[in-house]
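**Q** Take this structure, written in structure tokens, and hold onto it; I'll ask about it next.
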Amino acid sequence: MDSPARMALARGDIALLRQHAAAMARSGAHAAEGRFLLGMADAAEGRIAAGLGHLEAAIAAAPTAEYLAQQAKLLILLRRDRDAASAALAADALGPDDALTHDTLGNVQARLGDHAAAARNFAAASARDPGNMDYRFNLALSLGFLGRADEAAACHERILAAQPANGRVHYALAGLRKATVAHNNIARMTGVLARRPGPDDDLRIRYALAKEYEDLGDPAAARAHLDAANAAHRQRIGYDAATDAAMFDAIEAVFRSGEGSGVSTSREAPIFITGMPRTGTTLVDRILSSHGQVHSAGELQAMPLAIKLLTGTRTRTVTDPQTITASAALDPQAIAAAYLDRANQHRRSNEGRFIDKLPANFLYIGHIARALPAASIVTLRRNPMDTVWSNYKNLFATTSPYYAYSYDLIDIAHYFVRFDRLMRLWDGLLPGRVLQLGYEELVADQEQQSRRLFAHCGLEWTDAALDFHTNSAAVATPSAAQVRRPIYGDAVARWRAHEQALAPVAAIFAAASITI
């Protein structure tokens with residue numbers, strides 16, 4: 001039977017939980033459990049570091065898989081990824097015997113990019129508690145990342161049988177395969193919308209409908225759902241384009257002035273793949289990681305977090321004008337050390353080279369060049385109009401400030417203008433350091449452009465690059481399905497189907513002398 005403290009934890013009664021846990025911590029027989037539950041109480045109230053202290057005391061007295069899994073979760077929240085990985089490994093070795101611990105471990109492993117291990121733990125959680133649809137959703141996502149689309153779809157369908165208005169599931173299901181006239185979910189989703197689900201479910205279902213309508217060749221219907229979804233969400237988040245403009249201004253001011261000067265002596269040579277989202281960054285990641293001496297570490301936050309940590313700014317966001325301005329005074333050697341300390345925690349191997357595929361690192365190219373002079377930097381460029389449309393029609397992390405611009409066509413166009421201007425600045429300041437690779441050129445001549453890519457990165461050519469779609473590594477981006485088939489040109493000039501709606505965007509690009 002659960003103790004009164006455990007029952008209080010399950011109810012979310014933190015005051016009562018703390019009362020019972022403190023009494024247990026003072027007793028000899030239940031001291032470890034009491035310290036663990038005090039840690040859970042602290043964590044529930046946002047005191048993560050204090051909670052971690054209690055958990056460490058509990059583990060020192062009586063290590064269990066549950067205690068270690070929760071420790072790993074708190075370490076992830078504190079961005080101590082290496083320590084979290086060690087705690088998760090220890091928890092796995094002890095053999096969890098309850099669903100929540102398996103799910104907690106799965107979430108930690110997913111955050112660390114180990115989707116195969118995450119899927120195993122999510123499957124165990126779902127087997128132990130088949131009625132918990134959150135566990136099953138986590139399993140479905142991991143299966144999708146691993147390319148096991150049929151199994152993922154089956155999990156999603158089981159959830160929808162119990163929760164027919166679950167927008168996360170409708171959206172994930174739509175991304176697993178291309179809709180056809182014979183096999184689509186439009187009628188089902190339209191029926192759910194008619195019942196007026198909550199705003200989060202409405203947002204995701206409309207995105208899913210837009211994707212399926214676009215698959216079926218009905219751009220007007222697709223755009224109608226996107227317009228409704230994006231307008232509502234933009235209003236909810238209160239996006240202000242001036243915030244992003246100020247960030248670009250700060251980057252340009254620092255590096256034009258020469259304040260961010262000096263170069264470290266680091267010989268580490270990671271490969272950075274950068275660019276606007278949905279421009280082919282995942283495709284290039286798969287091509288490069290087909291090389292035997294290269295592996296992908298995923299979309300790392302290591303550079304933005306290194307800069308934030310070293311500047312010590314107290315702003316609420318990681319990338320902001322104050323932090324960028326303060327970064328001008330940083331020692332490039334310190335930037336290299338802080339970056340590598342975080343990035344190395346995500347490497348699959350200490351041999352060879354690793355890829356950091358965070359698209360938004362284009363904001364940090366100046367810092368990368370100073371801190372890691374041996375690094376290879378690639379920026380994907382795609383037709384500006386296709387870039388705008390692709391950003392508009394893909395739902396990114398809804399709470400991330402990186403993508404707040406993506407819910408309005410005009411906002412995206414203005415953001416692209418600043419991106420383009422920044423890339424011109426890097427070209428002028430760092431001639432030859434950044435390979436600007438055209439998505440359309442890569443699609444038109446895969447081998448020639450791939451050879452150019454390999455040469456820029458200092459890699460010997462391998463024909464395996466032409467068979468990137470056979471790469472079995474997990475893919476945790478919206479491109480997961482696309483990069484599992486050979487290169488194709490279907491995505492080129494898709495904006496033409498929405499040319500009239502995109503006329504104001506074209507006008508913005510014309511005024512900025514950007515060729516479309």
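Each chain of the structure tokens is named A, B, ... in the order shown, its residues numbered from 1; ligands are numbered from 1 in display order.
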What's the 9 Å shell around range 309-322 of chain A, counting only C-alpha atoms, without same-chain residues fewer than 2 positions away, as a list in words?
**A** Thr243, Asp244, Ala246, Met247, Phe248, Asp249, Ala250, Ile251, Pro304, Leu305, Ala306, Ile307, Ile324, Thr325, Ala326, Ser327, Ala329, Leu330, Ala334, Ile335, Ala338, Leu363, Pro401 and Tyr402 of chain A
**Q** Using only C-alpha atoms, which protein or nucleic acid residues come within 10 Å of Phe137 in chain A? Drop anything in the same chain fewer than 3 positions from it, and give the result as a count of residues only.
**A** 17
**Q** Using only C-alpha atoms for the distances, tell me which of A:Ser289, A:Gln333, A:Ser376, A:Gln449 is nearest to Ile271 in chain A.
**A**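 Looking only at the distances to Ile271 in chain A, the closest residue turns out to be A:Ser376.
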**Q** Excluding range 175-184 of chain A and any residue of its chain fewer than 4 positions from it, enumerate the residues within 10 Å of it, using only C-alpha atoms, and give them as a list in words.
**A** Leu141, Gly144, Phe145, Gly147, Arg148, Ala149, Asp150, Ala152, Ala153, Val169, His170, Tyr171, Arg188, Met189, Ala208, Leu209, Lys211, Glu212, Tyr213, Glu214, Asp215, Leu216, Gly217, Pro478, Ser479, Ala480, Ala481 and Gln482 of chain A
**Q** Could those selected residues go to a file with N, CA, C and O atoms, as a CSV table (one decimal), in the first residue's frame?
**A**
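Saved to out-v6.csv:
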```
chain,number,residue,atom,x,y,z
A,141,LEU,N,6.0,8.6,-30.5
A,141,LEU,CA,7.0,9.6,-31.1
A,141,LEU,C,8.4,8.9,-31.3
A,141,LEU,O,9.0,9.1,-32.3
A,144,GLY,N,8.4,6.8,-34.3
A,144,GLY,CA,8.4,7.6,-35.5
A,144,GLY,C,9.8,8.1,-35.8
A,144,GLY,O,10.3,8.1,-36.9
A,145,PHE,N,10.5,8.5,-34.7
A,145,PHE,CA,11.9,9.0,-34.9
A,145,PHE,C,12.8,7.9,-35.4
A,145,PHE,O,13.8,8.2,-36.1
A,147,GLY,N,11.9,5.6,-37.4
A,147,GLY,CA,11.5,5.1,-38.8
A,147,GLY,C,10.6,4.0,-38.8
A,147,GLY,O,10.3,3.4,-39.8
A,148,ARG,N,10.0,3.6,-37.6
A,148,ARG,CA,9.1,2.5,-37.5
A,148,ARG,C,7.7,3.0,-37.6
A,148,ARG,O,6.9,3.1,-36.6
A,149,ALA,N,7.3,3.5,-38.8
A,149,ALA,CA,6.1,4.3,-39.0
A,149,ALA,C,4.8,3.5,-38.7
A,149,ALA,O,3.9,4.0,-38.1
A,150,ASP,N,4.8,2.3,-39.1
A,150,ASP,CA,3.5,1.5,-39.0
A,150,ASP,C,3.3,1.2,-37.5
A,150,ASP,O,2.1,1.4,-37.0
A,152,ALA,N,4.3,3.2,-35.0
A,152,ALA,CA,4.0,4.5,-34.5
A,152,ALA,C,2.5,4.8,-34.8
A,152,ALA,O,1.8,5.2,-33.9
A,153,ALA,N,2.1,4.5,-36.0
A,153,ALA,CA,0.7,4.8,-36.4
A,153,ALA,C,-0.3,4.0,-35.5
A,153,ALA,O,-1.3,4.5,-35.1
A,169,VAL,N,-1.7,14.0,-31.2
A,169,VAL,CA,-1.7,12.7,-31.9
A,169,VAL,C,-2.1,12.9,-33.4
A,169,VAL,O,-1.5,12.3,-34.3
A,170,HIS,N,-3.1,13.7,-33.7
A,170,HIS,CA,-3.5,14.0,-35.0
A,170,HIS,C,-2.3,14.5,-35.8
A,170,HIS,O,-2.1,14.1,-37.0
A,171,TYR,N,-1.6,15.5,-35.2
A,171,TYR,CA,-0.5,16.1,-35.9
A,171,TYR,C,0.6,15.1,-36.2
A,171,TYR,O,1.2,15.1,-37.3
A,188,ARG,N,-12.2,12.7,-40.4
A,188,ARG,CA,-12.2,12.5,-38.9
A,188,ARG,C,-11.7,13.8,-38.2
A,188,ARG,O,-12.3,14.2,-37.2
A,189,MET,N,-10.7,14.5,-38.7
A,189,MET,CA,-10.2,15.7,-38.1
A,189,MET,C,-11.2,16.8,-38.2
A,189,MET,O,-11.4,17.6,-37.3
A,208,ALA,N,-2.3,19.6,-39.1
A,208,ALA,CA,-2.4,18.3,-39.6
A,208,ALA,C,-3.3,18.3,-40.9
A,208,ALA,O,-3.0,17.6,-41.9
A,209,LEU,N,-4.4,19.0,-40.8
A,209,LEU,CA,-5.3,19.1,-41.9
A,209,LEU,C,-4.6,19.8,-43.1
A,209,LEU,O,-4.8,19.4,-44.3
A,211,LYS,N,-1.5,19.8,-43.8
A,211,LYS,CA,-0.5,18.9,-44.4
A,211,LYS,C,-1.2,17.9,-45.3
A,211,LYS,O,-0.8,17.6,-46.4
A,212,GLU,N,-2.3,17.3,-44.8
A,212,GLU,CA,-3.0,16.3,-45.6
A,212,GLU,C,-3.7,17.0,-46.9
A,212,GLU,O,-3.6,16.4,-48.0
A,213,TYR,N,-4.2,18.2,-46.8
A,213,TYR,CA,-4.8,18.8,-47.9
A,213,TYR,C,-3.7,19.2,-48.9
A,213,TYR,O,-3.9,19.0,-50.2
A,214,GLU,N,-2.5,19.5,-48.5
A,214,GLU,CA,-1.4,19.8,-49.4
A,214,GLU,C,-1.0,18.5,-50.1
A,214,GLU,O,-0.7,18.5,-51.3
A,215,ASP,N,-0.9,17.4,-49.3
A,215,ASP,CA,-0.6,16.1,-49.9
A,215,ASP,C,-1.6,15.8,-51.1
A,215,ASP,O,-1.2,15.2,-52.1
A,216,LEU,N,-2.9,16.2,-50.9
A,216,LEU,CA,-3.9,15.8,-51.8
A,216,LEU,C,-4.0,16.9,-53.0
A,216,LEU,O,-4.9,16.7,-53.8
A,217,GLY,N,-3.2,17.9,-52.9
A,217,GLY,CA,-3.2,18.9,-54.0
A,217,GLY,C,-4.3,19.9,-53.9
A,217,GLY,O,-4.8,20.4,-54.9
A,478,PRO,N,11.0,17.4,-38.1
A,478,PRO,CA,9.8,17.2,-39.0
A,478,PRO,C,10.2,16.6,-40.4
A,478,PRO,O,9.3,16.1,-41.1
A,479,SER,N,11.5,16.4,-40.7
A,479,SER,CA,11.9,15.8,-41.9
A,479,SER,C,12.1,14.3,-41.8
A,479,SER,O,12.7,13.7,-42.7
A,480,ALA,N,11.7,13.7,-40.7
A,480,ALA,CA,12.0,12.3,-40.4
A,480,ALA,C,11.6,11.4,-41.5
A,480,ALA,O,12.3,10.5,-41.9
A,481,ALA,N,10.4,11.6,-42.0
A,481,ALA,CA,9.9,10.7,-43.1
A,481,ALA,C,10.6,11.0,-44.4
A,481,ALA,O,10.9,10.1,-45.2
A,482,GLN,N,10.8,12.3,-44.7
A,482,GLN,CA,11.4,12.6,-46.0
A,482,GLN,C,12.8,12.1,-46.2
A,482,GLN,O,13.2,11.6,-47.3
```
**Q** I need the residue nearest Lys393 in chain A from this list: A:Pro219, A:Gly258, A:Gly280, A:Pro373. Use only C-alpha atoms for the distance.
**A**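 Once distances to Lys393 in chain A are computed over only C-alpha atoms, the minimum belongs to A:Pro219.
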**Q** Report the residues of range 25-67 of chain A whose backbone DSSP state falls under alpha helix (DSSP H), written as JSON, numbers by chain.
**A** {"A": [25, 31, 32, 33, 34, 35, 36, 37, 38, 39, 40, 41, 42, 43, 44, 48, 49, 50, 51, 52, 53, 54, 55, 56, 57, 58, 59, 60, 61, 65, 66, 67]}
**Q** Using N, CA, C and O atoms, can you write the selected residues to a file as a CSV table (one decimal), in the first residue's frame?
**A**
```
chain,number,residue,atom,x,y,z
A,25,ALA,N,12.0,11.3,7.0
A,25,ALA,CA,13.4,11.6,6.9
A,25,ALA,C,14.1,11.6,8.2
A,25,ALA,O,15.3,11.3,8.3
A,31,ALA,N,14.3,6.8,6.2
A,31,ALA,CA,15.0,8.1,6.0
A,31,ALA,C,15.3,8.4,4.5
A,31,ALA,O,15.1,9.5,4.0
A,32,ALA,N,15.7,7.3,3.8
A,32,ALA,CA,16.0,7.5,2.4
A,32,ALA,C,14.8,7.9,1.6
A,32,ALA,O,14.8,8.8,0.8
A,33,GLU,N,13.6,7.2,1.9
A,33,GLU,CA,12.4,7.5,1.2
A,33,GLU,C,11.9,8.9,1.6
A,33,GLU,O,11.4,9.7,0.7
A,34,GLY,N,12.1,9.3,2.8
A,34,GLY,CA,11.8,10.7,3.2
A,34,GLY,C,12.6,11.7,2.5
A,34,GLY,O,12.0,12.7,2.0
A,35,ARG,N,13.9,11.5,2.3
A,35,ARG,CA,14.7,12.5,1.6
A,35,ARG,C,14.3,12.5,0.1
A,35,ARG,O,14.3,13.6,-0.5
A,36,PHE,N,14.0,11.3,-0.5
A,36,PHE,CA,13.5,11.3,-1.8
A,36,PHE,C,12.3,12.1,-2.0
A,36,PHE,O,12.2,12.9,-2.9
A,37,LEU,N,11.3,11.9,-1.1
A,37,LEU,CA,10.0,12.6,-1.3
A,37,LEU,C,10.2,14.1,-1.0
A,37,LEU,O,9.5,14.9,-1.6
A,38,LEU,N,11.1,14.5,-0.1
A,38,LEU,CA,11.4,15.9,0.1
A,38,LEU,C,11.9,16.5,-1.2
A,38,LEU,O,11.6,17.7,-1.6
A,39,GLY,N,12.8,15.7,-1.9
A,39,GLY,CA,13.3,16.2,-3.1
A,39,GLY,C,12.2,16.4,-4.2
A,39,GLY,O,12.2,17.3,-5.0
A,40,MET,N,11.3,15.5,-4.2
A,40,MET,CA,10.1,15.6,-5.1
A,40,MET,C,9.3,16.8,-4.8
A,40,MET,O,8.8,17.5,-5.7
A,41,ALA,N,9.1,17.1,-3.5
A,41,ALA,CA,8.3,18.3,-3.1
A,41,ALA,C,9.1,19.5,-3.6
A,41,ALA,O,8.4,20.5,-4.1
A,42,ASP,N,10.4,19.6,-3.4
A,42,ASP,CA,11.1,20.8,-3.8
A,42,ASP,C,11.0,20.9,-5.4
A,42,ASP,O,10.8,22.0,-5.9
A,43,ALA,N,11.2,19.8,-6.1
A,43,ALA,CA,11.1,19.9,-7.5
A,43,ALA,C,9.8,20.4,-8.0
A,43,ALA,O,9.7,21.1,-9.0
A,44,ALA,N,8.7,19.9,-7.4
A,44,ALA,CA,7.3,20.3,-7.8
A,44,ALA,C,7.1,21.8,-7.6
A,44,ALA,O,6.3,22.4,-8.3
A,48,ILE,N,14.7,23.2,-8.1
A,48,ILE,CA,15.4,22.0,-8.7
A,48,ILE,C,16.7,21.6,-8.0
A,48,ILE,O,16.9,20.4,-7.7
A,49,ALA,N,17.5,22.6,-7.7
A,49,ALA,CA,18.8,22.3,-7.1
A,49,ALA,C,18.6,21.8,-5.7
A,49,ALA,O,19.3,20.8,-5.3
A,50,ALA,N,17.7,22.3,-4.9
A,50,ALA,CA,17.4,21.8,-3.6
A,50,ALA,C,16.9,20.4,-3.7
A,50,ALA,O,17.3,19.5,-2.9
A,51,GLY,N,16.0,20.2,-4.6
A,51,GLY,CA,15.4,18.8,-4.8
A,51,GLY,C,16.5,17.8,-5.1
A,51,GLY,O,16.5,16.7,-4.6
A,52,LEU,N,17.4,18.2,-6.0
A,52,LEU,CA,18.5,17.3,-6.3
A,52,LEU,C,19.4,16.9,-5.1
A,52,LEU,O,19.8,15.8,-5.0
A,53,GLY,N,19.6,17.9,-4.2
A,53,GLY,CA,20.3,17.6,-3.0
A,53,GLY,C,19.7,16.5,-2.2
A,53,GLY,O,20.4,15.6,-1.7
A,54,HIS,N,18.4,16.6,-2.0
A,54,HIS,CA,17.6,15.5,-1.3
A,54,HIS,C,17.8,14.2,-2.0
A,54,HIS,O,17.9,13.1,-1.4
A,55,LEU,N,17.6,14.2,-3.3
A,55,LEU,CA,17.7,12.9,-4.1
A,55,LEU,C,19.1,12.3,-4.0
A,55,LEU,O,19.2,11.1,-3.9
A,56,GLU,N,20.1,13.1,-4.0
A,56,GLU,CA,21.4,12.6,-3.9
A,56,GLU,C,21.6,11.9,-2.5
A,56,GLU,O,22.3,10.9,-2.4
A,57,ALA,N,21.1,12.5,-1.5
A,57,ALA,CA,21.2,11.9,-0.1
A,57,ALA,C,20.4,10.6,-0.1
A,57,ALA,O,20.9,9.6,0.5
A,58,ALA,N,19.2,10.5,-0.7
A,58,ALA,CA,18.4,9.3,-0.8
A,58,ALA,C,19.2,8.2,-1.5
A,58,ALA,O,19.2,7.0,-1.1
A,59,ILE,N,19.8,8.6,-2.6
A,59,ILE,CA,20.5,7.6,-3.4
A,59,ILE,C,21.8,7.1,-2.7
A,59,ILE,O,22.1,5.9,-2.8
A,60,ALA,N,22.4,8.0,-2.0
A,60,ALA,CA,23.6,7.5,-1.2
A,60,ALA,C,23.2,6.5,-0.1
A,60,ALA,O,24.0,5.6,0.2
A,61,ALA,N,22.0,6.6,0.4
A,61,ALA,CA,21.6,5.7,1.4
A,61,ALA,C,20.9,4.4,0.9
A,61,ALA,O,21.1,3.3,1.4
A,65,ALA,N,16.2,2.3,-8.8
A,65,ALA,CA,16.0,2.8,-10.2
A,65,ALA,C,15.1,4.0,-10.2
A,65,ALA,O,15.4,5.0,-10.9
A,66,GLU,N,14.1,4.0,-9.3
A,66,GLU,CA,13.2,5.2,-9.3
A,66,GLU,C,14.0,6.5,-8.9
A,66,GLU,O,13.8,7.5,-9.5
A,67,TYR,N,14.8,6.3,-7.8
A,67,TYR,CA,15.5,7.5,-7.3
A,67,TYR,C,16.5,8.0,-8.4
A,67,TYR,O,16.6,9.2,-8.6
```
**Q** Could you pull the residues within 10 Å of Ile365 in chain A, counting only C-alpha atoms, minus those fewer than 4 positions along the same chain, as a list in words?
**A** Phe272, Thr274, Met303, Ala360, Asn361, Ala369, Arg370, Ala371, Ile377, Val378, Thr379, Leu422, Met423, Trp426, Leu430, Arg433 and Val434 of chain A
**Q** Which one of A:Ala444, A:Val294, A:Ala245, A:Ala455 sits closest to His414 in chain A if you count only C-alpha atoms?
**A**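 Nearest to His414 in chain A: A:Ala245.
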**Q** From range 288-481 of chain A, collect each residue whose DSSP state is strand (DSSP E or B) and return the set as a PyMOL selection string.
**A** chain A and resi 294-296+353-356+376-381+434-438
**Q** Between A:Leu226, A:Ile355, A:Val388, A:Ile508, which has the minimum distance to Pro277 in chain A (counting only C-alpha atoms)?
**A**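 That would be A:Val388, the residue with the smallest distance to Pro277 in chain A.
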**Q** Out of A:Ser27, A:Arg496, A:Asp92, A:Asp98, which residue has the shortest atom-to-atom distance to Ala118 in chain A when counting only C-alpha atoms?
**A**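 Checking each of A:Ser27, A:Arg496, A:Asp92, A:Asp98 against Ala118 in chain A, counting only C-alpha atoms, the winner is A:Asp92.
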**Q** Can you pull out every residue within 10 Å of Ala116 in chain A, counting only C-alpha atoms, but drop anything in the same chain fewer than 3 positions away, and send it as a list in words?
**A**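 Everything that qualifies: Gly106, Gln109, Ala110, Gly113, Ala119, Arg120, Asn121, Phe122, Ser142, Leu143, Phe145, Leu146, Ala473 and Ala474 of chain A.
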**Q** Write the residues of the selection above to a file with N, CA, C and O atoms, as a PDB file, in the first residue's frame.
**A**
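Result written to out-v8.pdb:
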```
ATOM      1  N   GLY A 106      12.720   7.104 -20.165  1.00  0.00           N
ATOM      2  CA  GLY A 106      12.535   7.301 -21.599  1.00  0.00           C
ATOM      3  C   GLY A 106      12.608   8.771 -21.974  1.00  0.00           C
ATOM      4  O   GLY A 106      13.232   9.134 -22.975  1.00  0.00           O
ATOM      5  N   GLN A 109      16.231   9.893 -21.809  1.00  0.00           N
ATOM      6  CA  GLN A 109      16.995   9.364 -22.949  1.00  0.00           C
ATOM      7  C   GLN A 109      16.608  10.060 -24.246  1.00  0.00           C
ATOM      8  O   GLN A 109      17.466  10.311 -25.101  1.00  0.00           O
ATOM      9  N   ALA A 110      15.339  10.400 -24.405  1.00  0.00           N
ATOM     10  CA  ALA A 110      14.914  11.136 -25.594  1.00  0.00           C
ATOM     11  C   ALA A 110      15.554  12.515 -25.627  1.00  0.00           C
ATOM     12  O   ALA A 110      16.008  12.981 -26.677  1.00  0.00           O
ATOM     13  N   GLY A 113      18.908  12.299 -26.861  1.00  0.00           N
ATOM     14  CA  GLY A 113      19.028  11.862 -28.252  1.00  0.00           C
ATOM     15  C   GLY A 113      19.139  10.370 -28.448  1.00  0.00           C
ATOM     16  O   GLY A 113      19.363   9.907 -29.573  1.00  0.00           O
ATOM     17  N   ALA A 119      12.693   4.375 -26.631  1.00  0.00           N
ATOM     18  CA  ALA A 119      11.586   3.536 -27.109  1.00  0.00           C
ATOM     19  C   ALA A 119      11.432   2.281 -26.256  1.00  0.00           C
ATOM     20  O   ALA A 119      10.308   1.856 -25.953  1.00  0.00           O
ATOM     21  N   ARG A 120      12.554   1.684 -25.860  1.00  0.00           N
ATOM     22  CA  ARG A 120      12.476   0.489 -25.012  1.00  0.00           C
ATOM     23  C   ARG A 120      11.802   0.810 -23.679  1.00  0.00           C
ATOM     24  O   ARG A 120      10.960   0.039 -23.195  1.00  0.00           O
ATOM     25  N   ASN A 121      12.152   1.935 -23.095  1.00  0.00           N
ATOM     26  CA  ASN A 121      11.550   2.277 -21.806  1.00  0.00           C
ATOM     27  C   ASN A 121      10.096   2.724 -21.951  1.00  0.00           C
ATOM     28  O   ASN A 121       9.257   2.404 -21.109  1.00  0.00           O
ATOM     29  N   PHE A 122       9.776   3.443 -23.023  1.00  0.00           N
ATOM     30  CA  PHE A 122       8.382   3.819 -23.243  1.00  0.00           C
ATOM     31  C   PHE A 122       7.510   2.578 -23.488  1.00  0.00           C
ATOM     32  O   PHE A 122       6.361   2.519 -23.053  1.00  0.00           O
ATOM     33  N   SER A 142       8.814   8.145 -30.317  1.00  0.00           N
ATOM     34  CA  SER A 142      10.130   7.514 -30.456  1.00  0.00           C
ATOM     35  C   SER A 142      10.148   6.530 -31.617  1.00  0.00           C
ATOM     36  O   SER A 142      11.130   6.461 -32.371  1.00  0.00           O
ATOM     37  N   LEU A 143       9.079   5.775 -31.794  1.00  0.00           N
ATOM     38  CA  LEU A 143       9.007   4.844 -32.921  1.00  0.00           C
ATOM     39  C   LEU A 143       9.064   5.601 -34.243  1.00  0.00           C
ATOM     40  O   LEU A 143       9.713   5.164 -35.200  1.00  0.00           O
ATOM     41  N   PHE A 145      10.544   8.521 -34.746  1.00  0.00           N
ATOM     42  CA  PHE A 145      11.916   9.001 -34.906  1.00  0.00           C
ATOM     43  C   PHE A 145      12.827   7.895 -35.420  1.00  0.00           C
ATOM     44  O   PHE A 145      13.795   8.151 -36.143  1.00  0.00           O
ATOM     45  N   LEU A 146      12.519   6.659 -35.038  1.00  0.00           N
ATOM     46  CA  LEU A 146      13.339   5.519 -35.446  1.00  0.00           C
ATOM     47  C   LEU A 146      12.938   4.967 -36.818  1.00  0.00           C
ATOM     48  O   LEU A 146      13.519   3.994 -37.280  1.00  0.00           O
ATOM     49  N   ALA A 473      20.091   5.831 -38.385  1.00  0.00           N
ATOM     50  CA  ALA A 473      20.047   6.641 -37.164  1.00  0.00           C
ATOM     51  C   ALA A 473      18.679   7.315 -37.020  1.00  0.00           C
ATOM     52  O   ALA A 473      17.982   7.592 -37.998  1.00  0.00           O
ATOM     53  N   ALA A 474      18.306   7.576 -35.764  1.00  0.00           N
ATOM     54  CA  ALA A 474      17.021   8.228 -35.493  1.00  0.00           C
ATOM     55  C   ALA A 474      17.013   9.652 -36.033  1.00  0.00           C
ATOM     56  O   ALA A 474      18.046  10.300 -36.132  1.00  0.00           O
TER      57      ALA A 474
END
```
**Q** When you count only C-alpha atoms, which of these residues is closest to Val254 in chain A: A:His102, A:Arg348, A:Lys308, A:His367?
**A**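 The closest residue to Val254 in chain A is A:His367.
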**Q** State, in Å with one decimal place, the distance from CA of Pro96 in chain A to CA of Lys73 in chain A.
**A**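 So the two atoms, CA of Pro96 in chain A and CA of Lys73 in chain A, lie 14.8 Å apart.
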**Q** One number please: CA of Ala90 in chain A to CA of Arg47 in chain A, in Å, one decimal.
**A**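 Going from CA of Ala90 in chain A over to CA of Arg47 in chain A, I get 23.9 Å.
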**Q** So that I can check the surroundings of Phe419 in chain A, please list as a ChimeraX atom specification every protein, DNA and RNA residue that reaches within 10 Å of it, counting only C-alpha atoms and ignoring chain neighbours fewer than 6 positions away.
**A** /A:248,275-276,362-363,413,425
